[in-house]
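Colleague: Sharing a structure here in structure tokens format.
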Amino acid sequence: MAKPVLFAVDDEPSVLAAVTRDLRRHFGAGYQVMRAGSGGEALENLRELRLRGEVVALLLVDQRMPEMTGVALLREAMTIFPTAKRVLLTAYADTDAAIRAINEVKLDHYLMKPWHPPEEMLYPVLDDLLDDWLANYQPIFEGVRIIGHRWSADGHRVRDFLARNLIPYRWLDVESDPEATELRSLAGAAEAPLPIVILPDSSVISRPTVAALAEKLGLHTQAESRNYDLIVVGAGPAGLAAAVYGASEGLRTLLVEREAPGGQAGTSSNIENYLGFPIGLSGGDLARRAVAQARRFGAEILAPAEAIKLESQNGYHIVTLGDGSTVTSQALLVSTGVSYRLLDVPGAERLAGAGLFYGAAITEALAIKDEAVFVVGGGNSAGQAALYLARFARSVTVLVRGRSLADTMSQYLVERLEEAENIHLRTGAAVAAVDGEQSLEQVSVLDVASGTVEGLPARAVFVFIGAAPHTEWLAGGLQLDAQGFVLSGADLQREGKRPRGWSAEREPFWLETSVPGIFVAGDLRHRSTKRVASAVGEGAMAVQFVHQHLRSPMPEAPGSIVHIGADR
Ligand SMILES: Cc1cc2nc3c(=O)[nH]c(=O)nc-3n(C[C@H](O)[C@H](O)[C@H](O)COP(=O)(O)OP(=O)(O)OC[C@H]3O[C@@H](n4cnc5c(N)ncnc54)[C@H](O)[C@@H]3O)c2cc1C
């Protein structure tokens, strides 16, 4: 945390040097001492400090300066740092101006020049003022600040990205937080489209893309090498486990993740059934621990970086990333998981992120405080989300299309939902439409049996209606089942025959896809269990098959690139 600032301003270089030296000598251990030679320069520096999130404890300002008097400077400076103590350096002739300034700019003290010896004339006064300042000082947040509208989809996207990448941020609502308006104009971005993001180095980006934000924040998005023993695409539990086991067993391992490590599990507020955590753990915590563990063993993690194309040549697999670069390996694991299916009703596309969320959207928990919200879906993730959201919202209504939850949700969750006072269960109900001007205001609920539709006020709807696999980047390459999940091992064999185009001498390993050396693990796999523990187990197992594959003879060089999947 940066030390608070003592800021001295004088147009005479020798006086400025002397006051700065004296301040450093006595206060240097607890404060940074900064200086400027004119009022204009001082204001520019103060604005910059404010944008960087630093704090000024004291302004020590000469009254007689050519461009701007000390009092005029303090008047401006107090709009930037209202709590800084204000001290004027005066000559005898300026005493009247100083006395007037006590009312005008709430001057805390004026000092006559020269102030020697400082032990008697300067330090006691400033010690006293700074003690007073410290007593009321609350350290301010130094990380990323986001200014935007509470229910804007772009604001949600930026917050979600930062939260899932474990980057602390402070959210300032432009409609209700005066500091938001003030910072916006200080940043010279009063008219810039929202959200704007102010970074710790005081630079400002308006409506940033995730890639721009990642670059500004210095996230690792470019591979250090072109070749690896193992590339893992997708850093959910399956991919993270594979990275931990791969790297710990000596494989040069690259993990590629398009959003943030953790995958779906990273969005879960509390995973209660993962072995070894009797009171559960949050998905964010699981992801943080797994990332630290993978890095400790030497795995390289690229995030955010999206795999958009896959090709194979001479037994090597070539992955093209979103920025056009390529990485190559002999063994590849696809663990790109699934994400929630989109709601196909009027208004859903327009309001996505602006009150309509897919998944639990933990970042929105505070925004829904005391609001009425809806959860759509009857699976475990919907149940978990309802319990989590009920800690913040006034009421949570769970809409389930079926007549009962017994077949789709674990019994322990059903019991908890029934016990919670502010959770209401509506079975036989589905969303017919969502409405709202800038953000979600109403949800139309269809009673499946009678066909009647009822409009209910709602601030947020969280959707959990089944999962679609992330295989778009593999299009046409690997063999998939009818729902788009990746086939592997014995599931590839038809009537005892090896899969079409299979080029290896051996049978496919369990978890190996229709292309030798490409494996699949986790939710993306045909008939997988859709559990964190299973994904982790498959990720770990896949690494054993990777070793066996790397030991087996390479296929004859076909001489040309075998096209696996296309960029979109
Ligand atoms: C809200 C919620 C609560 C849950 N609670 C539990 C629970 O309590 N217990 C339990 O056992 N299970 C739970 N689950 C299920 C569990 O999270 C999943 O089974 C598990 O995360 C699957 O892991 P995975 O690694 O296969 O895939 P995912 O977790 O889906 O991860 C896939 C990753 O791949 C990335 N990706 C996708 N495409 C690309 C690409 N082209 N390039 C790069 N990266 C890509 C994605 O961004 C994602 O990070 C929950 C799921 C949700 C959503």
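For the structure tokens, the naming scheme is as follows: chains receive sequential letters (A, B, ...) according to their order of presentation, residues are indexed from 1 within each chain, and ligands are indexed from 1 in presentation order.
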Do you know which residues are within 7 Å of ligand 1 using only C-alpha atoms and all ligand atoms? Can you write them as an mmCIF file with all heavy atoms, in the first residue's frame?

Modeller:
data_model
loop_
_atom_site.group_PDB
_atom_site.id
_atom_site.type_symbol
_atom_site.label_atom_id
_atom_site.label_comp_id
_atom_site.auth_asym_id
_atom_site.auth_seq_id
_atom_site.Cartn_x
_atom_site.Cartn_y
_atom_site.Cartn_z
ATOM 1 N N VAL A 233 -6.825 -27.906 -23.279
ATOM 2 C CA VAL A 233 -7.683 -26.776 -23.647
ATOM 3 C C VAL A 233 -8.907 -26.786 -22.745
ATOM 4 O O VAL A 233 -9.685 -27.739 -22.748
ATOM 5 C CB VAL A 233 -8.097 -26.835 -25.134
ATOM 6 C CG1 VAL A 233 -8.936 -25.598 -25.484
ATOM 7 C CG2 VAL A 233 -6.869 -26.884 -26.020
ATOM 8 N N GLY A 234 -9.061 -25.725 -21.942
ATOM 9 C CA GLY A 234 -10.173 -25.607 -20.993
ATOM 10 C C GLY A 234 -9.683 -25.843 -19.580
ATOM 11 O O GLY A 234 -9.177 -26.926 -19.260
ATOM 12 N N ALA A 235 -9.786 -24.790 -18.746
ATOM 13 C CA ALA A 235 -9.254 -24.900 -17.374
ATOM 14 C C ALA A 235 -10.366 -24.989 -16.336
ATOM 15 O O ALA A 235 -10.378 -24.263 -15.344
ATOM 16 C CB ALA A 235 -8.322 -23.725 -17.071
ATOM 17 N N GLY A 236 -11.333 -25.890 -16.587
ATOM 18 C CA GLY A 236 -12.277 -26.254 -15.532
ATOM 19 C C GLY A 236 -11.582 -27.279 -14.639
ATOM 20 O O GLY A 236 -10.359 -27.502 -14.764
ATOM 21 N N PRO A 237 -12.324 -27.952 -13.760
ATOM 22 C CA PRO A 237 -11.699 -28.940 -12.883
ATOM 23 C C PRO A 237 -10.929 -30.023 -13.651
ATOM 24 O O PRO A 237 -9.838 -30.424 -13.227
ATOM 25 C CB PRO A 237 -12.893 -29.550 -12.141
ATOM 26 C CG PRO A 237 -13.923 -28.464 -12.153
ATOM 27 C CD PRO A 237 -13.743 -27.733 -13.442
ATOM 28 N N ALA A 238 -11.462 -30.471 -14.801
ATOM 29 C CA ALA A 238 -10.774 -31.531 -15.554
ATOM 30 C C ALA A 238 -9.431 -31.021 -16.072
ATOM 31 O O ALA A 238 -8.393 -31.683 -15.910
ATOM 32 C CB ALA A 238 -11.652 -31.994 -16.725
ATOM 33 N N GLY A 239 -9.444 -29.855 -16.704
ATOM 34 C CA GLY A 239 -8.209 -29.306 -17.269
ATOM 35 C C GLY A 239 -7.200 -28.956 -16.191
ATOM 36 O O GLY A 239 -5.991 -29.191 -16.352
ATOM 37 N N VAL A 256 -4.769 -23.865 -21.669
ATOM 38 C CA VAL A 256 -5.334 -22.720 -22.393
ATOM 39 C C VAL A 256 -6.774 -22.515 -21.933
ATOM 40 O O VAL A 256 -7.586 -23.442 -21.999
ATOM 41 C CB VAL A 256 -5.327 -23.006 -23.918
ATOM 42 C CG1 VAL A 256 -5.941 -21.838 -24.680
ATOM 43 C CG2 VAL A 256 -3.910 -23.281 -24.401
ATOM 44 N N GLU A 257 -7.108 -21.305 -21.470
ATOM 45 C CA GLU A 257 -8.453 -21.053 -20.944
ATOM 46 C C GLU A 257 -8.999 -19.741 -21.521
ATOM 47 O O GLU A 257 -8.337 -18.728 -21.471
ATOM 48 C CB GLU A 257 -8.398 -20.967 -19.405
ATOM 49 C CG GLU A 257 -9.633 -20.394 -18.747
ATOM 50 C CD GLU A 257 -10.932 -21.114 -19.105
ATOM 51 O OE1 GLU A 257 -10.980 -22.344 -19.027
ATOM 52 O OE2 GLU A 257 -11.909 -20.408 -19.483
ATOM 53 N N ARG A 258 -10.232 -19.790 -22.053
ATOM 54 C CA ARG A 258 -10.727 -18.600 -22.751
ATOM 55 C C ARG A 258 -11.338 -17.547 -21.824
ATOM 56 O O ARG A 258 -11.446 -16.403 -22.196
ATOM 57 C CB ARG A 258 -11.718 -18.989 -23.834
ATOM 58 C CG ARG A 258 -13.057 -19.397 -23.350
ATOM 59 C CD ARG A 258 -13.999 -19.526 -24.524
ATOM 60 N NE ARG A 258 -15.268 -20.053 -24.100
ATOM 61 C CZ ARG A 258 -16.212 -20.425 -24.936
ATOM 62 N NH1 ARG A 258 -16.020 -20.327 -26.228
ATOM 63 N NH2 ARG A 258 -17.335 -20.895 -24.479
ATOM 64 N N GLU A 259 -11.767 -17.946 -20.621
ATOM 65 C CA GLU A 259 -12.348 -16.951 -19.714
ATOM 66 C C GLU A 259 -11.489 -16.821 -18.462
ATOM 67 O O GLU A 259 -10.692 -15.906 -18.344
ATOM 68 C CB GLU A 259 -13.777 -17.330 -19.344
ATOM 69 C CG GLU A 259 -14.731 -17.167 -20.506
ATOM 70 C CD GLU A 259 -16.087 -17.761 -20.230
ATOM 71 O OE1 GLU A 259 -16.415 -18.034 -19.060
ATOM 72 O OE2 GLU A 259 -16.823 -17.984 -21.200
ATOM 73 N N ALA A 260 -11.690 -17.746 -17.533
ATOM 74 C CA ALA A 260 -10.908 -17.710 -16.293
ATOM 75 C C ALA A 260 -10.819 -19.128 -15.767
ATOM 76 O O ALA A 260 -11.782 -19.898 -15.881
ATOM 77 C CB ALA A 260 -11.603 -16.832 -15.266
ATOM 78 N N PRO A 261 -9.677 -19.517 -15.162
ATOM 79 C CA PRO A 261 -9.579 -20.877 -14.625
ATOM 80 C C PRO A 261 -10.697 -21.140 -13.619
ATOM 81 O O PRO A 261 -11.109 -20.238 -12.896
ATOM 82 C CB PRO A 261 -8.211 -20.863 -13.924
ATOM 83 C CG PRO A 261 -7.432 -19.803 -14.616
ATOM 84 C CD PRO A 261 -8.438 -18.753 -15.001
ATOM 85 N N GLY A 262 -11.181 -22.379 -13.610
ATOM 86 C CA GLY A 262 -12.256 -22.737 -12.678
ATOM 87 C C GLY A 262 -13.466 -23.310 -13.392
ATOM 88 O O GLY A 262 -14.180 -24.145 -12.856
ATOM 89 N N GLY A 263 -13.702 -22.835 -14.628
ATOM 90 C CA GLY A 263 -14.822 -23.354 -15.414
ATOM 91 C C GLY A 263 -16.146 -23.147 -14.709
ATOM 92 O O GLY A 263 -16.316 -22.192 -13.948
ATOM 93 N N GLN A 264 -17.075 -24.073 -14.943
ATOM 94 C CA GLN A 264 -18.384 -23.948 -14.284
ATOM 95 C C GLN A 264 -18.235 -23.992 -12.772
ATOM 96 O O GLN A 264 -18.924 -23.282 -12.043
ATOM 97 C CB GLN A 264 -19.292 -25.113 -14.645
ATOM 98 C CG GLN A 264 -19.666 -25.269 -16.056
ATOM 99 C CD GLN A 264 -20.249 -26.657 -16.215
ATOM 100 O OE1 GLN A 264 -21.348 -26.936 -15.745
ATOM 101 N NE2 GLN A 264 -19.525 -27.538 -16.859
ATOM 102 N N ALA A 265 -17.327 -24.854 -12.317
ATOM 103 C CA ALA A 265 -17.170 -24.989 -10.866
ATOM 104 C C ALA A 265 -16.777 -23.653 -10.262
ATOM 105 O O ALA A 265 -17.191 -23.307 -9.154
ATOM 106 C CB ALA A 265 -16.122 -26.047 -10.556
ATOM 107 N N THR A 267 -17.900 -20.886 -10.889
ATOM 108 C CA THR A 267 -19.063 -20.012 -10.696
ATOM 109 C C THR A 267 -19.940 -20.493 -9.535
ATOM 110 O O THR A 267 -20.944 -19.869 -9.227
ATOM 111 C CB THR A 267 -19.939 -19.944 -11.969
ATOM 112 O OG1 THR A 267 -20.526 -21.241 -12.172
ATOM 113 C CG2 THR A 267 -19.144 -19.542 -13.193
ATOM 114 N N SER A 268 -19.565 -21.601 -8.928
ATOM 115 C CA SER A 268 -20.413 -22.155 -7.868
ATOM 116 C C SER A 268 -20.109 -21.485 -6.523
ATOM 117 O O SER A 268 -18.953 -21.284 -6.175
ATOM 118 C CB SER A 268 -20.166 -23.665 -7.764
ATOM 119 O OG SER A 268 -20.724 -24.139 -6.567
ATOM 120 N N ASN A 270 -20.920 -22.671 -3.516
ATOM 121 C CA ASN A 270 -20.505 -23.632 -2.501
ATOM 122 C C ASN A 270 -20.637 -25.060 -3.033
ATOM 123 O O ASN A 270 -21.738 -25.529 -3.284
ATOM 124 C CB ASN A 270 -21.366 -23.465 -1.238
ATOM 125 C CG ASN A 270 -20.748 -24.160 -0.049
ATOM 126 O OD1 ASN A 270 -19.573 -24.515 -0.069
ATOM 127 N ND2 ASN A 270 -21.524 -24.390 0.979
ATOM 128 N N ILE A 271 -19.501 -25.713 -3.185
ATOM 129 C CA ILE A 271 -19.518 -27.115 -3.626
ATOM 130 C C ILE A 271 -19.457 -27.952 -2.361
ATOM 131 O O ILE A 271 -18.464 -27.914 -1.632
ATOM 132 C CB ILE A 271 -18.309 -27.403 -4.532
ATOM 133 C CG1 ILE A 271 -18.370 -26.485 -5.754
ATOM 134 C CG2 ILE A 271 -18.264 -28.861 -4.947
ATOM 135 C CD1 ILE A 271 -17.091 -26.434 -6.543
ATOM 136 N N GLU A 272 -20.537 -28.671 -2.095
ATOM 137 C CA GLU A 272 -20.627 -29.344 -0.790
ATOM 138 C C GLU A 272 -20.255 -30.808 -0.842
ATOM 139 O O GLU A 272 -20.053 -31.434 0.187
ATOM 140 C CB GLU A 272 -22.052 -29.216 -0.244
ATOM 141 C CG GLU A 272 -22.384 -27.794 0.141
ATOM 142 C CD GLU A 272 -23.645 -27.730 0.958
ATOM 143 O OE1 GLU A 272 -23.690 -28.340 2.029
ATOM 144 O OE2 GLU A 272 -24.597 -27.064 0.513
ATOM 145 N N ASN A 273 -20.217 -31.373 -2.082
ATOM 146 C CA ASN A 273 -20.023 -32.826 -2.147
ATOM 147 C C ASN A 273 -18.658 -33.202 -2.687
ATOM 148 O O ASN A 273 -18.463 -34.297 -3.185
ATOM 149 C CB ASN A 273 -21.135 -33.464 -2.995
ATOM 150 C CG ASN A 273 -21.207 -32.840 -4.378
ATOM 151 O OD1 ASN A 273 -20.437 -31.951 -4.708
ATOM 152 N ND2 ASN A 273 -22.144 -33.305 -5.179
ATOM 153 N N TYR A 274 -17.683 -32.291 -2.602
ATOM 154 C CA TYR A 274 -16.345 -32.628 -3.102
ATOM 155 C C TYR A 274 -15.534 -33.229 -1.954
ATOM 156 O O TYR A 274 -15.458 -32.638 -0.863
ATOM 157 C CB TYR A 274 -15.677 -31.368 -3.666
ATOM 158 C CG TYR A 274 -14.375 -31.668 -4.379
ATOM 159 C CD1 TYR A 274 -14.322 -32.623 -5.389
ATOM 160 C CD2 TYR A 274 -13.218 -31.000 -4.047
ATOM 161 C CE1 TYR A 274 -13.143 -32.915 -6.035
ATOM 162 C CE2 TYR A 274 -12.019 -31.276 -4.695
ATOM 163 C CZ TYR A 274 -11.992 -32.238 -5.686
ATOM 164 O OH TYR A 274 -10.825 -32.534 -6.332
ATOM 165 N N ALA A 305 -7.310 -16.911 -23.224
ATOM 166 C CA ALA A 305 -6.836 -17.235 -24.570
ATOM 167 C C ALA A 305 -7.753 -18.342 -25.089
ATOM 168 O O ALA A 305 -7.919 -19.360 -24.423
ATOM 169 C CB ALA A 305 -5.395 -17.722 -24.522
ATOM 170 N N GLU A 306 -8.342 -18.115 -26.235
ATOM 171 C CA GLU A 306 -9.320 -19.075 -26.741
ATOM 172 C C GLU A 306 -8.723 -19.937 -27.838
ATOM 173 O O GLU A 306 -8.051 -19.431 -28.735
ATOM 174 C CB GLU A 306 -10.536 -18.312 -27.294
ATOM 175 C CG GLU A 306 -11.622 -19.253 -27.782
ATOM 176 C CD GLU A 306 -12.897 -18.544 -28.165
ATOM 177 O OE1 GLU A 306 -12.865 -17.306 -28.288
ATOM 178 O OE2 GLU A 306 -13.913 -19.240 -28.339
ATOM 179 N N ALA A 307 -8.973 -21.246 -27.752
ATOM 180 C CA ALA A 307 -8.587 -22.141 -28.851
ATOM 181 C C ALA A 307 -9.661 -22.022 -29.913
ATOM 182 O O ALA A 307 -10.850 -22.184 -29.615
ATOM 183 C CB ALA A 307 -8.512 -23.576 -28.339
ATOM 184 N N ILE A 308 -9.268 -21.700 -31.158
ATOM 185 C CA ILE A 308 -10.301 -21.533 -32.189
ATOM 186 C C ILE A 308 -10.181 -22.556 -33.321
ATOM 187 O O ILE A 308 -11.074 -22.661 -34.141
ATOM 188 C CB ILE A 308 -10.307 -20.096 -32.777
ATOM 189 C CG1 ILE A 308 -8.945 -19.740 -33.363
ATOM 190 C CG2 ILE A 308 -10.740 -19.072 -31.749
ATOM 191 C CD1 ILE A 308 -9.005 -18.473 -34.221
ATOM 192 N N SER A 335 -10.908 -30.323 -22.747
ATOM 193 C CA SER A 335 -11.750 -30.335 -21.534
ATOM 194 C C SER A 335 -12.485 -29.001 -21.488
ATOM 195 O O SER A 335 -12.420 -28.276 -20.509
ATOM 196 C CB SER A 335 -10.878 -30.529 -20.297
ATOM 197 O OG SER A 335 -9.784 -29.631 -20.308
ATOM 198 N N THR A 336 -13.149 -28.690 -22.623
ATOM 199 C CA THR A 336 -13.790 -27.377 -22.740
ATOM 200 C C THR A 336 -15.206 -27.363 -22.152
ATOM 201 O O THR A 336 -15.892 -26.349 -22.258
ATOM 202 C CB THR A 336 -13.798 -26.904 -24.213
ATOM 203 O OG1 THR A 336 -14.162 -28.000 -25.049
ATOM 204 C CG2 THR A 336 -12.440 -26.400 -24.631
ATOM 205 N N GLY A 337 -15.629 -28.450 -21.540
ATOM 206 C CA GLY A 337 -16.838 -28.446 -20.730
ATOM 207 C C GLY A 337 -18.108 -28.030 -21.453
ATOM 208 O O GLY A 337 -18.248 -28.190 -22.665
ATOM 209 N N VAL A 338 -19.013 -27.503 -20.667
ATOM 210 C CA VAL A 338 -20.334 -27.128 -21.191
ATOM 211 C C VAL A 338 -20.697 -25.762 -20.613
ATOM 212 O O VAL A 338 -20.094 -25.301 -19.662
ATOM 213 C CB VAL A 338 -21.411 -28.147 -20.759
ATOM 214 C CG1 VAL A 338 -21.073 -29.544 -21.218
ATOM 215 C CG2 VAL A 338 -21.630 -28.137 -19.256
ATOM 216 N N SER A 339 -21.700 -25.129 -21.206
ATOM 217 C CA SER A 339 -22.280 -23.965 -20.520
ATOM 218 C C SER A 339 -23.787 -23.995 -20.690
ATOM 219 O O SER A 339 -24.309 -24.728 -21.535
ATOM 220 C CB SER A 339 -21.677 -22.659 -20.996
ATOM 221 O OG SER A 339 -21.815 -22.545 -22.364
ATOM 222 N N GLY A 359 -26.211 -19.021 -15.201
ATOM 223 C CA GLY A 359 -25.355 -19.405 -14.074
ATOM 224 C C GLY A 359 -25.657 -18.494 -12.896
ATOM 225 O O GLY A 359 -26.484 -17.587 -12.978
ATOM 226 N N ALA A 360 -24.932 -18.736 -11.804
ATOM 227 C CA ALA A 360 -25.308 -18.065 -10.553
ATOM 228 C C ALA A 360 -24.882 -16.610 -10.481
ATOM 229 O O ALA A 360 -25.360 -15.876 -9.641
ATOM 230 C CB ALA A 360 -24.713 -18.830 -9.370
ATOM 231 N N ASN A 380 -29.301 -29.582 -9.734
ATOM 232 C CA ASN A 380 -28.556 -29.228 -8.518
ATOM 233 C C ASN A 380 -27.993 -27.818 -8.579
ATOM 234 O O ASN A 380 -27.958 -27.108 -7.575
ATOM 235 C CB ASN A 380 -27.406 -30.212 -8.310
ATOM 236 C CG ASN A 380 -27.895 -31.481 -7.634
ATOM 237 O OD1 ASN A 380 -29.054 -31.549 -7.219
ATOM 238 N ND2 ASN A 380 -27.032 -32.460 -7.528
ATOM 239 N N SER A 381 -27.522 -27.412 -9.763
ATOM 240 C CA SER A 381 -26.919 -26.076 -9.827
ATOM 241 C C SER A 381 -27.978 -25.008 -9.572
ATOM 242 O O SER A 381 -27.696 -23.990 -8.926
ATOM 243 C CB SER A 381 -26.188 -25.864 -11.142
ATOM 244 O OG SER A 381 -26.939 -26.345 -12.204
ATOM 245 N N GLN A 384 -28.608 -25.005 -5.750
ATOM 246 C CA GLN A 384 -27.488 -24.345 -5.047
ATOM 247 C C GLN A 384 -27.560 -22.837 -5.203
ATOM 248 O O GLN A 384 -27.366 -22.088 -4.253
ATOM 249 C CB GLN A 384 -26.198 -24.778 -5.718
ATOM 250 C CG GLN A 384 -25.365 -25.692 -4.944
ATOM 251 C CD GLN A 384 -24.079 -25.949 -5.729
ATOM 252 O OE1 GLN A 384 -23.546 -25.110 -6.431
ATOM 253 N NE2 GLN A 384 -23.598 -27.160 -5.600
ATOM 254 N N ALA A 385 -27.851 -22.418 -6.439
ATOM 255 C CA ALA A 385 -27.900 -20.980 -6.706
ATOM 256 C C ALA A 385 -29.019 -20.330 -5.903
ATOM 257 O O ALA A 385 -28.847 -19.254 -5.322
ATOM 258 C CB ALA A 385 -28.106 -20.741 -8.196
ATOM 259 N N HIS A 470 -19.063 -27.332 -25.411
ATOM 260 C CA HIS A 470 -18.222 -26.369 -26.152
ATOM 261 C C HIS A 470 -17.378 -27.102 -27.176
ATOM 262 O O HIS A 470 -16.192 -27.322 -26.983
ATOM 263 C CB HIS A 470 -17.263 -25.672 -25.183
ATOM 264 C CG HIS A 470 -17.919 -24.664 -24.317
ATOM 265 N ND1 HIS A 470 -18.568 -23.575 -24.813
ATOM 266 C CD2 HIS A 470 -18.014 -24.568 -22.982
ATOM 267 C CE1 HIS A 470 -19.042 -22.854 -23.823
ATOM 268 N NE2 HIS A 470 -18.734 -23.445 -22.691
ATOM 269 N N TRP A 473 -15.261 -25.213 -31.686
ATOM 270 C CA TRP A 473 -13.914 -25.066 -32.262
ATOM 271 C C TRP A 473 -13.368 -26.391 -32.811
ATOM 272 O O TRP A 473 -12.335 -26.433 -33.458
ATOM 273 C CB TRP A 473 -12.958 -24.489 -31.213
ATOM 274 C CG TRP A 473 -12.709 -25.401 -30.051
ATOM 275 C CD1 TRP A 473 -13.604 -25.756 -29.085
ATOM 276 C CD2 TRP A 473 -11.497 -26.091 -29.734
ATOM 277 N NE1 TRP A 473 -13.038 -26.624 -28.191
ATOM 278 C CE2 TRP A 473 -11.732 -26.828 -28.564
ATOM 279 C CE3 TRP A 473 -10.231 -26.152 -30.323
ATOM 280 C CZ2 TRP A 473 -10.762 -27.626 -27.974
ATOM 281 C CZ3 TRP A 473 -9.252 -26.942 -29.732
ATOM 282 C CH2 TRP A 473 -9.531 -27.671 -28.566
ATOM 283 N N ALA A 521 -11.835 -35.108 -21.363
ATOM 284 C CA ALA A 521 -12.159 -35.358 -19.947
ATOM 285 C C ALA A 521 -13.207 -34.363 -19.477
ATOM 286 O O ALA A 521 -13.300 -33.249 -19.991
ATOM 287 C CB ALA A 521 -10.890 -35.223 -19.094
ATOM 288 N N GLY A 522 -13.983 -34.797 -18.494
ATOM 289 C CA GLY A 522 -14.949 -33.891 -17.853
ATOM 290 C C GLY A 522 -16.291 -33.845 -18.564
ATOM 291 O O GLY A 522 -16.653 -34.748 -19.318
ATOM 292 N N ASP A 523 -17.007 -32.763 -18.340
ATOM 293 C CA ASP A 523 -18.386 -32.641 -18.821
ATOM 294 C C ASP A 523 -18.531 -32.758 -20.332
ATOM 295 O O ASP A 523 -19.614 -33.054 -20.832
ATOM 296 C CB ASP A 523 -18.972 -31.289 -18.382
ATOM 297 C CG ASP A 523 -19.411 -31.290 -16.928
ATOM 298 O OD1 ASP A 523 -19.036 -32.237 -16.208
ATOM 299 O OD2 ASP A 523 -20.124 -30.351 -16.515
ATOM 300 N N LEU A 524 -17.458 -32.491 -21.060
ATOM 301 C CA LEU A 524 -17.523 -32.518 -22.523
ATOM 302 C C LEU A 524 -17.635 -33.946 -23.056
ATOM 303 O O LEU A 524 -18.061 -34.175 -24.176
ATOM 304 C CB LEU A 524 -16.242 -31.869 -23.083
ATOM 305 C CG LEU A 524 -16.194 -31.614 -24.575
ATOM 306 C CD1 LEU A 524 -17.204 -30.532 -24.948
ATOM 307 C CD2 LEU A 524 -14.799 -31.180 -25.002
ATOM 308 N N LYS A 530 -20.887 -35.240 -14.861
ATOM 309 C CA LYS A 530 -21.211 -33.834 -14.565
ATOM 310 C C LYS A 530 -21.039 -33.530 -13.076
ATOM 311 O O LYS A 530 -21.932 -33.013 -12.406
ATOM 312 C CB LYS A 530 -22.642 -33.458 -15.015
ATOM 313 C CG LYS A 530 -23.021 -33.932 -16.406
ATOM 314 C CD LYS A 530 -22.363 -33.116 -17.502
ATOM 315 C CE LYS A 530 -22.817 -33.507 -18.882
ATOM 316 N NZ LYS A 530 -22.438 -34.830 -19.391
ATOM 317 N N ARG A 531 -19.887 -33.876 -12.591
ATOM 318 C CA ARG A 531 -19.518 -33.607 -11.192
ATOM 319 C C ARG A 531 -18.070 -33.135 -11.164
ATOM 320 O O ARG A 531 -17.255 -33.576 -11.976
ATOM 321 C CB ARG A 531 -19.597 -34.883 -10.338
ATOM 322 C CG ARG A 531 -20.974 -35.367 -10.049
ATOM 323 C CD ARG A 531 -21.563 -34.619 -8.855
ATOM 324 N NE ARG A 531 -22.868 -35.139 -8.500
ATOM 325 C CZ ARG A 531 -24.013 -34.783 -9.073
ATOM 326 N NH1 ARG A 531 -24.000 -33.897 -10.039
ATOM 327 N NH2 ARG A 531 -25.151 -35.297 -8.669
ATOM 328 N N VAL A 532 -17.753 -32.303 -10.177
ATOM 329 C CA VAL A 532 -16.382 -31.820 -10.047
ATOM 330 C C VAL A 532 -15.425 -33.000 -9.851
ATOM 331 O O VAL A 532 -14.386 -33.104 -10.520
ATOM 332 C CB VAL A 532 -16.265 -30.839 -8.855
ATOM 333 C CG1 VAL A 532 -14.824 -30.416 -8.655
ATOM 334 C CG2 VAL A 532 -17.152 -29.621 -9.066
ATOM 335 N N ALA A 533 -15.789 -33.901 -8.949
ATOM 336 C CA ALA A 533 -14.879 -35.005 -8.627
ATOM 337 C C ALA A 533 -14.618 -35.879 -9.852
ATOM 338 O O ALA A 533 -13.487 -36.317 -10.096
ATOM 339 C CB ALA A 533 -15.459 -35.843 -7.494
ATOM 340 N N ALA A 535 -14.789 -34.932 -13.014
ATOM 341 C CA ALA A 535 -13.967 -34.176 -13.962
ATOM 342 C C ALA A 535 -12.501 -34.208 -13.525
ATOM 343 O O ALA A 535 -11.597 -34.445 -14.328
ATOM 344 C CB ALA A 535 -14.475 -32.737 -14.051
#

Colleague: Using only C-alpha atoms, which residues sit within 9 Å of region 436-449 of chain A once same-chain residues fewer than 4 positions away are excluded, as a compact mmCIF listing (two decimals) with C-alpha atoms, in the first residue's frame?

Modeller:
# COMPACT_ATOMS: atom_id res chain seq x y z
CA TRP A 151 -27.67 -3.43 -14.46
CA SER A 152 -25.62 -2.93 -17.62
CA ALA A 153 -24.58 -6.06 -19.49
CA GLY A 347 -36.48 -10.30 -24.68
CA ARG A 350 -31.47 -8.17 -25.40
CA LEU A 351 -31.48 -8.48 -21.60
CA ALA A 352 -28.66 -11.05 -21.25
CA GLY A 353 -26.28 -9.67 -18.63
CA ALA A 354 -28.70 -6.81 -17.86
CA GLY A 355 -30.73 -8.70 -15.27
CA LEU A 356 -30.89 -12.02 -17.11
CA PHE A 374 -36.06 -15.81 -10.05
CA LEU A 399 -39.39 -21.99 -11.66
CA ARG A 401 -40.99 -26.93 -15.74
CA GLY A 402 -41.57 -30.46 -14.36
CA THR A 427 -43.35 -26.43 -10.36
CA GLY A 428 -45.04 -26.78 -13.73
CA ALA A 429 -43.87 -23.24 -14.55
CA ALA A 430 -41.63 -21.84 -17.28
CA VAL A 431 -40.47 -18.44 -18.50
CA ALA A 432 -42.55 -17.16 -21.43
CA VAL A 453 -49.25 -16.38 -18.48
CA GLU A 454 -48.69 -14.08 -15.50
CA GLY A 455 -46.41 -11.00 -15.52
CA LEU A 456 -44.36 -10.64 -12.31
CA PRO A 457 -41.94 -7.84 -11.35
CA ALA A 458 -38.35 -9.10 -11.24
CA ARG A 459 -34.93 -7.50 -10.95
CA ALA A 460 -32.95 -10.57 -11.95
CA VAL A 461 -33.49 -14.01 -13.45
